[in-house]
Protein chains: 2
Amino acid sequence: ACRRQAGKIEQEMNIKKIAEKAKLASYKISCLLECEKNDILARIADEIHKRSKEIIQENKKDLEYGEKIGLSSALMDRLLLDEKRINGIVEGIKNIINLPDPIGEIYDTKRVKSGLVVGKMRVPLGVIGIIYEARPNVTADAFSLCFKSGNSCILKGGIEAKNSNKYLISIIKDILSDYGLSDSVFYIEGREVVKKLALQDKYIDCIILRGGKALIDAIGEGAKVPIIAHGEGICHVYIDSECFLGMAEEIAFNAKVQRPGVCNAMETLLVHKDVARKILPPLVIRLKSSGCEIRGCEKTREICPDVIAITEADWRTEYLALILSIKIVSSLDDAIEHINHYGSHHSDAIVTNSYTNAMKFLRMVDSSSVYVNASTRFTDGGEFGLGAEIGISTQKLHARGPMGLKELTSSKFIIFGDGQIRK
Amino acid sequence: ACRRQAGKIEQEMNIKKIAEKAKLASYKISCLLECEKNDILARIADEIHKRSKEIIQENKKDLEYGEKIGLSSALMDRLLLDEKRINGIVEGIKNIINLPDPIGEIYDTKRVKSGLVVGKMRVPLGVIGIIYEARPNVTADAFSLCFKSGNSCILKGGIEAKNSNKYLISIIKDILSDYGLSDSVFYIEGREVVKKLALQDKYIDCIILRGGKALIDAIGEGAKVPIIAHGEGICHVYIDSECFLGMAEEIAFNAKVQRPGVCNAMETLLVHKDVARKILPPLVIRLKSSGCEIRGCEKTREICPDVIAITEADWRTEYLALILSIKIVSSLDDAIEHINHYGSHHSDAIVTNSYTNAMKFLRMVDSSSVYVNASTRFTDGGEFGLGAEIGISTQKLHARGPMGLKELTSSKFIIFGDGQIRK
């Protein structure tokens, strides 16, 4: 027991040390010029390109492990790195090089009554912890976004991608060490270690949690570091009484079927009672023929009798699969109430021709992304023109919706005086 | 034991109920027009003015209690409400009426490659918990700021101001009930209840904690709701080698003496070694004659032998009193390192004539408000031109520094489409 205790304490010390080192490095990165950061990122991109064979070799170890533990084919696919995907990683870094550096911007300056000039300066957050799923391409992306925005980062990817991630990080750290900056990225392992990370509020400024409610509940409990959660997506499409039926069908079909395993796919379809008889029968047939299981309310089942009866739990479930819940509602207000009550405040859409209803839906639906006449599947930093994305926040503080470079920054007030004292 | 348990469960249910009711009310306030909110606030201001005698009567009960438990004269003064201070409360509400409503603003719109028009809409946070010290004037102020920004609020003031606060809240709730909005403010009591509030992450969107490190540690532990902390202020003034000595003395004296009991007062003075012999002797005499105790490093004591020897703990202490720590440093870099290491990232100032040093200090000091040639005492929403203030955030997420109306809001992405589906 004594030795275990000693081991435990050592590990805790290590996490604290790592956090402290990352903090010290963050002060160095915060002062780099944009061109300096870009040069370093370009060297990293080159090196990853050069070493793609070795990366693929390390990735094979992960794939073998994945096969052994019986990962689903979808997860195996996420795990895979081949020449094409490594080129994708390299292109991703080049894309981040091309984004404008947000750091050091001075804005909102005004002269106030005392004669002081008060403004804000955009600054890095400092040290960012990022916990993500088993997709090795996220490793290079997350580091590059943090580095470009002047932050150190401490990364923990899915255990299944361990070998690929560690090798990528070793490439990155090699280049960084030429500039005395190797402490600006660390890779850690194990859920228990993440819990300890979440206690280092003196050094870590924020933890971004990608990857589901269970992870958030497990890590969030007892955390002292502020957390930005990439929560679940129970997304809705509401088909209003006045709308183009063809557009409504296309949007609903796309939101459900185009990629059902992701957070911005639709889980529940709400249909106004006045158009339900017209829209539902052909849509249900089309969805079923794409392999989609349909669960519906009583009224839905009156129109489409072969639909499975829904339970209340369905309205609260993120299927991430080819399953759809359908509810017929009697008004826009009912639809909004259902979404705010059962949804996860991620992405919701209305299909309508009514200006009034569109504006009311935009205003009243309490979600990170609210659409008129488009599929919920567009919720993504790239699609929204942010240039890149580190996650999708489902909370309201600091960042909401897709997070880009700017969401990895903070501000400080800067005050220019000429001797002012307070009376 | 059984009855106690039942009582405990009932209280927990009540907090959950309160939070849920506040959330439902928040949806109503979120849709009010600016003129509607202003009319309601104006009626509340009038009613508070009309009932000032009754308010003073309730406040007397608090003052009697304060005397009984032996509150310091400073705290008794904070507690006191008289005609003048109630007029101040009324003026404060009118001031908030005059601030522009941030809600509903649409900004950062752009057309992206898919043809979607993507923008952001400013929205309320929802339900805000505010925990504050025994200053009854904060009650009306905090409610008005939350209401104007479309939020419900759950308030908990210092126990010493209990009667004044409850009476003020009853006036506010009376007026609100005419509009079916009385659930948009609640007043709760007891630290244990606050801990329960911090678990209602389904309904409460954020808790603002004013009032010191001990409170933050006590409430923050185990909280599920995101917290914005108004932390301690260990503020520094650094006197650079190139500066106007007269300006330096005035700023240092003002930052320490003008109001030593507040968070933006200076606790540590850093002086460049090249000017220490000139500036310290007269400044120390002036501070001492104002009743200030001086603690200094070895080099300070070589110049001013009657200064008390400092301990390392002093550098980390928020005195909130007429005590000053002095350190002589050999460079700007040393000063910045000291501030980032020992400070609380609140407010720090440099006095200098060097453009290069001023810009470096602004960039490198990791604090919410960084000054050139002015007293740290200006860190305040009013002084910074925000119109009002709900607290001063010492953290980096969401809001940093003095928080005004805008810091009580979030955003959502709004997307205007014409039938877009994801390929």
# chains A, B, ... in the order shown; residues from 1 in each chain; ligands from 1
>>> interface_residues(of="chain A", to="chain B", cutoff="8 Å", atoms="only C-alpha atoms", output="PyMOL selection string")
chain A and resi 27+31+104+112-114+118+125+205-206+220-224+226+247-248+250-251+254-255+258+362-364+367-375+377-378+383-385+396-401+410-423
>>> write_last_selection(atoms="C-alpha atoms", output="PDB file, in the first residue's frame")
ATOM      1  CA  TYR A  27       4.138  33.016 -21.719  1.00  0.00           C
ATOM      2  CA  CYS A  31       4.897  36.874 -27.410  1.00  0.00           C
ATOM      3  CA  GLY A 104      -2.493  41.304 -29.762  1.00  0.00           C
ATOM      4  CA  VAL A 112     -13.573  57.916 -20.713  1.00  0.00           C
ATOM      5  CA  LYS A 113     -14.487  60.790 -18.416  1.00  0.00           C
ATOM      6  CA  SER A 114     -11.210  60.689 -16.439  1.00  0.00           C
ATOM      7  CA  VAL A 118      -9.543  52.286 -22.100  1.00  0.00           C
ATOM      8  CA  LEU A 125      -6.179  31.831 -22.708  1.00  0.00           C
ATOM      9  CA  ASP A 205      -7.076  27.992 -17.898  1.00  0.00           C
ATOM     10  CA  CYS A 206      -9.704  25.814 -19.521  1.00  0.00           C
ATOM     11  CA  GLY A 220     -16.756  17.579 -14.630  1.00  0.00           C
ATOM     12  CA  GLU A 221     -17.436  16.192 -11.174  1.00  0.00           C
ATOM     13  CA  GLY A 222     -15.056  17.962  -8.817  1.00  0.00           C
ATOM     14  CA  ALA A 223     -13.250  19.897 -11.555  1.00  0.00           C
ATOM     15  CA  LYS A 224     -11.727  23.228 -10.539  1.00  0.00           C
ATOM     16  CA  PRO A 226     -13.459  25.784 -16.109  1.00  0.00           C
ATOM     17  CA  MET A 247     -37.726  21.689 -49.591  1.00  0.00           C
ATOM     18  CA  ALA A 248     -39.033  20.377 -46.285  1.00  0.00           C
ATOM     19  CA  GLU A 250     -35.099  17.334 -48.705  1.00  0.00           C
ATOM     20  CA  ILE A 251     -33.955  19.084 -45.527  1.00  0.00           C
ATOM     21  CA  ASN A 254     -30.595  15.195 -45.376  1.00  0.00           C
ATOM     22  CA  ALA A 255     -30.538  16.072 -41.665  1.00  0.00           C
ATOM     23  CA  GLN A 258     -26.566  12.071 -44.809  1.00  0.00           C
ATOM     24  CA  LEU A 362     -34.677  32.240 -34.462  1.00  0.00           C
ATOM     25  CA  ARG A 363     -35.366  34.345 -31.398  1.00  0.00           C
ATOM     26  CA  MET A 364     -37.045  31.770 -29.160  1.00  0.00           C
ATOM     27  CA  SER A 367     -29.858  26.515 -29.063  1.00  0.00           C
ATOM     28  CA  SER A 368     -26.300  27.148 -30.171  1.00  0.00           C
ATOM     29  CA  SER A 369     -27.262  27.133 -33.872  1.00  0.00           C
ATOM     30  CA  VAL A 370     -30.740  27.937 -35.149  1.00  0.00           C
ATOM     31  CA  TYR A 371     -31.579  27.524 -38.835  1.00  0.00           C
ATOM     32  CA  VAL A 372     -34.218  28.721 -41.249  1.00  0.00           C
ATOM     33  CA  ASN A 373     -34.645  26.561 -44.347  1.00  0.00           C
ATOM     34  CA  ALA A 374     -31.418  24.571 -44.138  1.00  0.00           C
ATOM     35  CA  SER A 375     -30.244  21.209 -42.824  1.00  0.00           C
ATOM     36  CA  ARG A 377     -25.860  19.212 -40.729  1.00  0.00           C
ATOM     37  CA  PHE A 378     -24.094  22.527 -41.459  1.00  0.00           C
ATOM     38  CA  GLU A 383     -19.071  25.468 -42.929  1.00  0.00           C
ATOM     39  CA  PHE A 384     -19.674  28.561 -40.767  1.00  0.00           C
ATOM     40  CA  GLY A 385     -16.573  30.229 -42.196  1.00  0.00           C
ATOM     41  CA  LYS A 396     -23.573  29.511 -22.988  1.00  0.00           C
ATOM     42  CA  LEU A 397     -20.511  30.888 -21.225  1.00  0.00           C
ATOM     43  CA  HIS A 398     -17.510  32.066 -23.265  1.00  0.00           C
ATOM     44  CA  ALA A 399     -18.227  30.196 -26.487  1.00  0.00           C
ATOM     45  CA  ARG A 400     -21.417  28.772 -27.970  1.00  0.00           C
ATOM     46  CA  GLY A 401     -21.580  26.669 -31.115  1.00  0.00           C
ATOM     47  CA  SER A 410      -9.427  35.922 -23.835  1.00  0.00           C
ATOM     48  CA  SER A 411      -9.080  39.670 -23.476  1.00  0.00           C
ATOM     49  CA  LYS A 412      -7.649  42.085 -20.991  1.00  0.00           C
ATOM     50  CA  PHE A 413      -8.418  45.715 -20.406  1.00  0.00           C
ATOM     51  CA  ILE A 414      -5.485  47.966 -21.271  1.00  0.00           C
ATOM     52  CA  ILE A 415      -5.494  51.511 -19.981  1.00  0.00           C
ATOM     53  CA  PHE A 416      -3.377  54.385 -21.279  1.00  0.00           C
ATOM     54  CA  GLY A 417      -3.035  57.197 -18.743  1.00  0.00           C
ATOM     55  CA  ASP A 418      -1.013  60.337 -18.257  1.00  0.00           C
ATOM     56  CA  GLY A 419      -0.861  60.386 -14.498  1.00  0.00           C
ATOM     57  CA  GLN A 420      -4.520  59.890 -13.554  1.00  0.00           C
ATOM     58  CA  ILE A 421      -5.320  59.215  -9.901  1.00  0.00           C
ATOM     59  CA  ARG A 422      -8.750  58.411  -8.428  1.00  0.00           C
ATOM     60  CA  LYS A 423     -10.411  61.270  -6.571  1.00  0.00           C
TER      61      LYS A 423
END
>>> residues_around(residues="segment 308-310 of chain B", least_positions_apart="5", cutoff="9 Å", atoms="only C-alpha atoms", output="JSON, numbers by chain")
{"B": [293, 294, 295, 296, 297, 298, 301, 315, 325, 326]}
>>> write_last_selection(atoms="all heavy atoms", output="mmCIF file, in the first residue's frame")
data_model
loop_
_atom_site.group_PDB
_atom_site.id
_atom_site.type_symbol
_atom_site.label_atom_id
_atom_site.label_comp_id
_atom_site.auth_asym_id
_atom_site.auth_seq_id
_atom_site.Cartn_x
_atom_site.Cartn_y
_atom_site.Cartn_z
ATOM 1 N N GLU B 293 1.501 51.027 7.154
ATOM 2 C CA GLU B 293 2.632 50.218 7.602
ATOM 3 C C GLU B 293 3.402 49.759 6.369
ATOM 4 O O GLU B 293 2.798 49.357 5.377
ATOM 5 C CB GLU B 293 2.090 49.007 8.369
ATOM 6 C CG GLU B 293 3.162 48.064 8.865
ATOM 7 C CD GLU B 293 2.552 46.813 9.504
ATOM 8 O OE1 GLU B 293 1.556 46.942 10.252
ATOM 9 O OE2 GLU B 293 3.057 45.705 9.210
ATOM 10 N N ILE B 294 4.752 49.807 6.431
ATOM 11 C CA ILE B 294 5.546 49.439 5.254
ATOM 12 C C ILE B 294 6.393 48.201 5.553
ATOM 13 O O ILE B 294 7.075 48.136 6.570
ATOM 14 C CB ILE B 294 6.498 50.578 4.834
ATOM 15 C CG1 ILE B 294 5.788 51.924 4.845
ATOM 16 C CG2 ILE B 294 7.126 50.269 3.476
ATOM 17 C CD1 ILE B 294 4.936 52.219 3.670
ATOM 18 N N ARG B 295 6.303 47.214 4.658
ATOM 19 C CA ARG B 295 7.148 46.028 4.754
ATOM 20 C C ARG B 295 7.990 45.965 3.481
ATOM 21 O O ARG B 295 7.450 46.134 2.389
ATOM 22 C CB ARG B 295 6.299 44.763 4.872
ATOM 23 C CG ARG B 295 5.314 44.830 6.044
ATOM 24 C CD ARG B 295 4.438 43.609 6.136
ATOM 25 N NE ARG B 295 3.420 43.809 7.178
ATOM 26 C CZ ARG B 295 2.488 42.907 7.487
ATOM 27 N NH1 ARG B 295 2.446 41.745 6.857
ATOM 28 N NH2 ARG B 295 1.602 43.170 8.441
ATOM 29 N N GLY B 296 9.286 45.714 3.603
ATOM 30 C CA GLY B 296 10.119 45.792 2.398
ATOM 31 C C GLY B 296 11.177 44.709 2.320
ATOM 32 O O GLY B 296 11.498 44.047 3.313
ATOM 33 N N CYS B 297 11.724 44.558 1.113
ATOM 34 C CA CYS B 297 12.809 43.595 0.891
ATOM 35 C C CYS B 297 14.103 44.157 1.489
ATOM 36 O O CYS B 297 14.157 45.315 1.936
ATOM 37 C CB CYS B 297 12.975 43.335 -0.606
ATOM 38 S SG CYS B 297 13.558 44.766 -1.531
ATOM 39 N N GLU B 298 15.153 43.352 1.481
ATOM 40 C CA GLU B 298 16.436 43.775 2.076
ATOM 41 C C GLU B 298 16.935 45.088 1.487
ATOM 42 O O GLU B 298 17.348 45.993 2.212
ATOM 43 C CB GLU B 298 17.487 42.668 1.860
ATOM 44 C CG GLU B 298 17.521 41.635 2.972
ATOM 45 C CD GLU B 298 17.439 42.273 4.353
ATOM 46 O OE1 GLU B 298 18.347 43.054 4.712
ATOM 47 O OE2 GLU B 298 16.444 42.010 5.078
ATOM 48 N N ARG B 301 15.205 48.037 2.734
ATOM 49 C CA ARG B 301 15.586 48.360 4.115
ATOM 50 C C ARG B 301 16.979 48.988 4.193
ATOM 51 O O ARG B 301 17.292 49.661 5.169
ATOM 52 C CB ARG B 301 15.482 47.107 4.978
ATOM 53 C CG ARG B 301 14.021 46.618 5.067
ATOM 54 C CD ARG B 301 13.879 45.373 5.911
ATOM 55 N NE ARG B 301 14.027 45.690 7.316
ATOM 56 C CZ ARG B 301 14.671 44.927 8.181
ATOM 57 N NH1 ARG B 301 15.265 43.827 7.769
ATOM 58 N NH2 ARG B 301 14.751 45.279 9.439
ATOM 59 N N TRP B 315 4.072 38.721 -0.148
ATOM 60 C CA TRP B 315 3.877 38.954 -1.590
ATOM 61 C C TRP B 315 2.557 38.352 -2.077
ATOM 62 O O TRP B 315 2.042 38.739 -3.126
ATOM 63 C CB TRP B 315 5.015 38.344 -2.421
ATOM 64 C CG TRP B 315 6.415 38.772 -2.079
ATOM 65 C CD1 TRP B 315 7.478 37.940 -1.856
ATOM 66 C CD2 TRP B 315 6.940 40.099 -1.958
ATOM 67 N NE1 TRP B 315 8.618 38.668 -1.598
ATOM 68 C CE2 TRP B 315 8.320 39.995 -1.652
ATOM 69 C CE3 TRP B 315 6.376 41.380 -2.065
ATOM 70 C CZ2 TRP B 315 9.139 41.108 -1.457
ATOM 71 C CZ3 TRP B 315 7.199 42.485 -1.878
ATOM 72 C CH2 TRP B 315 8.555 42.349 -1.580
ATOM 73 N N SER B 325 3.654 46.300 0.774
ATOM 74 C CA SER B 325 4.893 45.568 0.541
ATOM 75 C C SER B 325 5.698 46.305 -0.524
ATOM 76 O O SER B 325 5.122 46.743 -1.531
ATOM 77 C CB SER B 325 4.602 44.158 0.017
ATOM 78 O OG SER B 325 3.731 43.472 0.866
ATOM 79 N N ILE B 326 7.003 46.435 -0.317
ATOM 80 C CA ILE B 326 7.851 47.100 -1.319
ATOM 81 C C ILE B 326 9.000 46.176 -1.713
ATOM 82 O O ILE B 326 9.636 45.550 -0.862
ATOM 83 C CB ILE B 326 8.438 48.428 -0.786
ATOM 84 C CG1 ILE B 326 7.308 49.398 -0.409
ATOM 85 C CG2 ILE B 326 9.355 49.072 -1.835
ATOM 86 C CD1 ILE B 326 7.809 50.762 0.077
#
>>> select_by_dssp(residues="segment 77-216 of chain A", states="strand (DSSP E)", output="ChimeraX atom specification")
/A:106-111,117-124,127-131,152-156,185-187,206-210
>>> atom_distance(atom1="atom CA of Gly190 of chain B", atom2="atom CA of Gly66 of chain B")
17.0 Å
>>> residues_around(residues="Asn38 of chain A", least_positions_apart="6", cutoff="12 Å", atoms="only C-alpha atoms", output="NGL selection string")
:A and (29 or 32 or 44-45 or 93-101 or 144-145 or 147-150)
>>> write_last_selection(atoms="N, CA and C atoms", output="CSV table (one decimal), in the first residue's frame")
chain,number,residue,atom,x,y,z
A,29,ILE,N,5.1,31.6,-25.9
A,29,ILE,CA,4.3,31.6,-27.1
A,29,ILE,C,3.5,32.9,-27.3
A,32,LEU,N,5.2,35.4,-29.4
A,32,LEU,CA,5.8,35.2,-30.7
A,32,LEU,C,5.0,36.0,-31.7
A,44,ILE,N,6.5,21.9,-39.0
A,44,ILE,CA,5.8,20.7,-38.5
A,44,ILE,C,5.0,20.0,-39.6
A,45,ALA,N,4.4,20.8,-40.4
A,45,ALA,CA,3.6,20.2,-41.5
A,45,ALA,C,4.5,19.4,-42.4
A,93,ILE,N,-3.0,21.8,-41.2
A,93,ILE,CA,-2.0,22.7,-40.6
A,93,ILE,C,-1.8,23.9,-41.5
A,94,LYS,N,-1.7,23.7,-42.8
A,94,LYS,CA,-1.5,24.8,-43.7
A,94,LYS,C,-2.6,25.8,-43.7
A,95,ASN,N,-3.8,25.2,-43.6
A,95,ASN,CA,-5.0,26.0,-43.5
A,95,ASN,C,-5.0,26.9,-42.2
A,96,ILE,N,-4.5,26.4,-41.1
A,96,ILE,CA,-4.4,27.2,-39.9
A,96,ILE,C,-3.3,28.2,-40.0
A,97,ILE,N,-2.2,27.9,-40.8
A,97,ILE,CA,-1.2,28.9,-41.0
A,97,ILE,C,-1.8,30.1,-41.7
A,98,ASN,N,-2.8,29.9,-42.6
A,98,ASN,CA,-3.4,30.9,-43.4
A,98,ASN,C,-4.4,31.8,-42.6
A,99,LEU,N,-4.8,31.3,-41.5
A,99,LEU,CA,-5.8,32.1,-40.7
A,99,LEU,C,-5.1,33.2,-40.1
A,100,PRO,N,-5.8,34.4,-40.0
A,100,PRO,CA,-5.1,35.6,-39.3
A,100,PRO,C,-4.9,35.3,-37.8
A,101,ASP,N,-3.8,35.8,-37.3
A,101,ASP,CA,-3.4,35.6,-35.9
A,101,ASP,C,-4.3,36.6,-35.1
A,144,SER,N,-2.2,22.7,-33.4
A,144,SER,CA,-2.0,23.8,-34.3
A,144,SER,C,-2.9,25.0,-34.0
A,145,LEU,N,-4.1,24.7,-33.7
A,145,LEU,CA,-5.0,25.8,-33.3
A,145,LEU,C,-4.6,26.5,-32.0
A,147,PHE,N,-1.6,26.5,-30.8
A,147,PHE,CA,-0.3,27.2,-31.0
A,147,PHE,C,-0.5,28.5,-31.7
A,148,LYS,N,-1.3,28.5,-32.8
A,148,LYS,CA,-1.5,29.7,-33.6
A,148,LYS,C,-2.1,30.8,-32.7
A,149,SER,N,-3.0,30.4,-31.7
A,149,SER,CA,-3.6,31.4,-30.9
A,149,SER,C,-2.8,31.6,-29.6
A,150,GLY,N,-1.5,31.2,-29.6
A,150,GLY,CA,-0.6,31.6,-28.5
A,150,GLY,C,-0.8,30.8,-27.2
>>> select_by_dssp(residues="segment 94-151 of chain B", states="helix (DSSP H, G or I)", output="ChimeraX atom specification")
/B:94-98,137-148
>>> closest_atom_pairs(of="segment 296-336 of chain A", to="segment 271-274 of chain A", cutoff="6 Å", atoms="only C-alpha atoms", output="JSON lines")
{"residue": "A:Ile328", "atom": "CA", "partner": "A:Val271", "partner_atom": "CA", "distance": 4.8}
{"residue": "A:Val329", "atom": "CA", "partner": "A:His272", "partner_atom": "CA", "distance": 5.1}
{"residue": "A:Ser330", "atom": "CA", "partner": "A:Lys273", "partner_atom": "CA", "distance": 5.5}
>>> write_last_selection(atoms="N, CA and C atoms", output="CSV table (one decimal), in the first residue's frame")
chain,number,residue,atom,x,y,z
A,328,ILE,N,-46.2,15.1,-34.3
A,328,ILE,CA,-47.1,16.1,-34.9
A,328,ILE,C,-47.5,17.2,-33.9
A,329,VAL,N,-47.2,18.4,-34.2
A,329,VAL,CA,-47.6,19.5,-33.2
A,329,VAL,C,-48.6,20.4,-33.8
A,330,SER,N,-49.4,21.1,-32.9
A,330,SER,CA,-50.5,21.9,-33.4
A,330,SER,C,-50.1,23.4,-33.6
>>> residues_around(residues="segment 181-185 of chain A", least_positions_apart="2", cutoff="10 Å", atoms="only C-alpha atoms", output="JSON, numbers by chain")
{"A": [18, 19, 20, 21, 22, 23, 24, 25, 26, 27, 28, 29, 127, 128, 129, 143, 146, 147, 150, 151, 152, 153, 154, 155, 169, 170, 172, 173, 174, 175, 176, 177, 178, 179, 187]}
>>> write_last_selection(atoms="N, CA, C and O atoms", output="short mmCIF file (atom, residue, chain, number, x, y, z; two decimals), in the first residue's frame")
data_model
loop_
_atom_site.label_atom_id
_atom_site.label_comp_id
_atom_site.auth_asym_id
_atom_site.auth_seq_id
_atom_site.Cartn_x
_atom_site.Cartn_y
_atom_site.Cartn_z
N ILE A 18 3.78 19.09 -15.17
CA ILE A 18 3.43 19.27 -16.59
C ILE A 18 2.64 20.55 -16.78
O ILE A 18 2.94 21.37 -17.67
N ALA A 19 1.65 20.75 -15.91
CA ALA A 19 0.80 21.94 -16.03
C ALA A 19 1.63 23.21 -15.84
O ALA A 19 1.45 24.20 -16.56
N GLU A 20 2.54 23.17 -14.87
CA GLU A 20 3.37 24.34 -14.58
C GLU A 20 4.30 24.64 -15.76
O GLU A 20 4.46 25.80 -16.17
N LYS A 21 4.91 23.58 -16.30
CA LYS A 21 5.80 23.77 -17.46
C LYS A 21 5.02 24.34 -18.65
O LYS A 21 5.50 25.22 -19.36
N ALA A 22 3.83 23.80 -18.86
CA ALA A 22 3.01 24.29 -19.98
C ALA A 22 2.68 25.77 -19.78
O ALA A 22 2.66 26.54 -20.74
N LYS A 23 2.43 26.16 -18.53
CA LYS A 23 2.12 27.56 -18.25
C LYS A 23 3.31 28.46 -18.58
O LYS A 23 3.16 29.50 -19.24
N LEU A 24 4.49 28.04 -18.13
CA LEU A 24 5.68 28.85 -18.42
C LEU A 24 5.90 28.98 -19.92
O LEU A 24 6.20 30.06 -20.44
N ALA A 25 5.73 27.85 -20.65
CA ALA A 25 5.88 27.91 -22.10
C ALA A 25 4.85 28.84 -22.73
O ALA A 25 5.13 29.53 -23.72
N SER A 26 3.64 28.88 -22.14
CA SER A 26 2.58 29.70 -22.74
C SER A 26 2.96 31.18 -22.73
O SER A 26 2.57 31.92 -23.64
N TYR A 27 3.71 31.62 -21.72
CA TYR A 27 4.14 33.02 -21.72
C TYR A 27 5.07 33.29 -22.91
O TYR A 27 5.03 34.36 -23.51
N LYS A 28 5.92 32.29 -23.23
CA LYS A 28 6.81 32.46 -24.39
C LYS A 28 6.02 32.54 -25.69
O LYS A 28 6.25 33.41 -26.52
N ILE A 29 5.07 31.59 -25.87
CA ILE A 29 4.33 31.59 -27.15
C ILE A 29 3.50 32.85 -27.29
O ILE A 29 3.28 33.34 -28.39
N VAL A 127 -3.12 28.01 -20.91
CA VAL A 127 -2.95 26.57 -21.11
C VAL A 127 -4.34 25.95 -21.29
O VAL A 127 -5.23 26.17 -20.47
N ILE A 128 -4.51 25.20 -22.36
CA ILE A 128 -5.80 24.58 -22.67
C ILE A 128 -5.64 23.07 -22.66
O ILE A 128 -4.74 22.52 -23.30
N GLY A 129 -6.47 22.40 -21.89
CA GLY A 129 -6.53 20.94 -21.94
C GLY A 129 -7.58 20.52 -22.95
O GLY A 129 -8.66 21.13 -23.00
N PHE A 143 -3.41 20.85 -31.62
CA PHE A 143 -2.16 21.54 -31.29
C PHE A 143 -2.00 22.80 -32.12
O PHE A 143 -1.69 23.88 -31.60
N CYS A 146 -4.22 25.71 -31.05
CA CYS A 146 -3.75 26.28 -29.78
C CYS A 146 -2.48 27.09 -29.99
O CYS A 146 -2.35 28.21 -29.49
N PHE A 147 -1.56 26.54 -30.77
CA PHE A 147 -0.27 27.21 -30.97
C PHE A 147 -0.46 28.53 -31.72
O PHE A 147 0.09 29.56 -31.33
N GLY A 150 -1.53 31.20 -29.59
CA GLY A 150 -0.63 31.55 -28.50
C GLY A 150 -0.79 30.76 -27.22
O GLY A 150 -0.31 31.19 -26.17
N ASN A 151 -1.47 29.63 -27.29
CA ASN A 151 -1.72 28.82 -26.10
C ASN A 151 -0.84 27.58 -26.06
O ASN A 151 -0.55 26.97 -27.09
N SER A 152 -0.45 27.16 -24.85
CA SER A 152 0.06 25.81 -24.65
C SER A 152 -1.13 24.87 -24.60
O SER A 152 -2.24 25.28 -24.27
N CYS A 153 -0.89 23.59 -24.90
CA CYS A 153 -2.00 22.64 -24.76
C CYS A 153 -1.53 21.32 -24.17
O CYS A 153 -0.38 20.93 -24.31
N ILE A 154 -2.44 20.70 -23.46
CA ILE A 154 -2.21 19.37 -22.91
C ILE A 154 -3.30 18.48 -23.50
O ILE A 154 -4.49 18.72 -23.29
N LEU A 155 -2.88 17.51 -24.30
CA LEU A 155 -3.83 16.73 -25.09
C LEU A 155 -4.01 15.33 -24.52
O LEU A 155 -3.07 14.73 -24.01
N ILE A 169 2.86 13.53 -31.74
CA ILE A 169 3.33 14.50 -30.74
C ILE A 169 4.86 14.53 -30.69
O ILE A 169 5.46 15.60 -30.55
N SER A 170 5.49 13.36 -30.86
CA SER A 170 6.96 13.35 -30.80
C SER A 170 7.54 14.15 -31.98
O SER A 170 8.53 14.86 -31.82
N ILE A 172 6.05 16.72 -33.42
CA ILE A 172 5.79 18.13 -33.10
C ILE A 172 6.79 18.64 -32.06
O ILE A 172 7.39 19.72 -32.21
N LYS A 173 6.99 17.85 -31.01
CA LYS A 173 7.88 18.28 -29.93
C LYS A 173 9.33 18.41 -30.43
O LYS A 173 10.06 19.30 -29.99
N ASP A 174 9.74 17.54 -31.34
CA ASP A 174 11.07 17.62 -31.93
C ASP A 174 11.32 18.98 -32.55
O ASP A 174 12.34 19.62 -32.30
N ILE A 175 10.38 19.40 -33.38
CA ILE A 175 10.53 20.70 -34.04
C ILE A 175 10.50 21.81 -33.00
O ILE A 175 11.34 22.72 -33.02
N LEU A 176 9.54 21.75 -32.08
CA LEU A 176 9.40 22.81 -31.08
C LEU A 176 10.67 22.97 -30.24
O LEU A 176 11.01 24.09 -29.83
N SER A 177 11.36 21.85 -29.99
CA SER A 177 12.53 21.93 -29.11
C SER A 177 13.64 22.78 -29.75
O SER A 177 14.45 23.37 -29.04
N ASP A 178 13.66 22.89 -31.08
CA ASP A 178 14.63 23.77 -31.74
C ASP A 178 14.44 25.22 -31.32
O ASP A 178 15.33 26.05 -31.49
N TYR A 179 13.25 25.57 -30.84
CA TYR A 179 12.94 26.95 -30.48
C TYR A 179 12.78 27.10 -28.96
O TYR A 179 12.31 28.13 -28.48
N TYR A 187 1.32 15.32 -24.06
CA TYR A 187 0.29 14.31 -24.31
C TYR A 187 0.18 13.44 -23.07
O TYR A 187 1.18 12.95 -22.55
#
>>> atom_distance(atom1="atom CA of Leu209 of chain A", atom2="atom CA of Asn165 of chain A")
17.3 Å
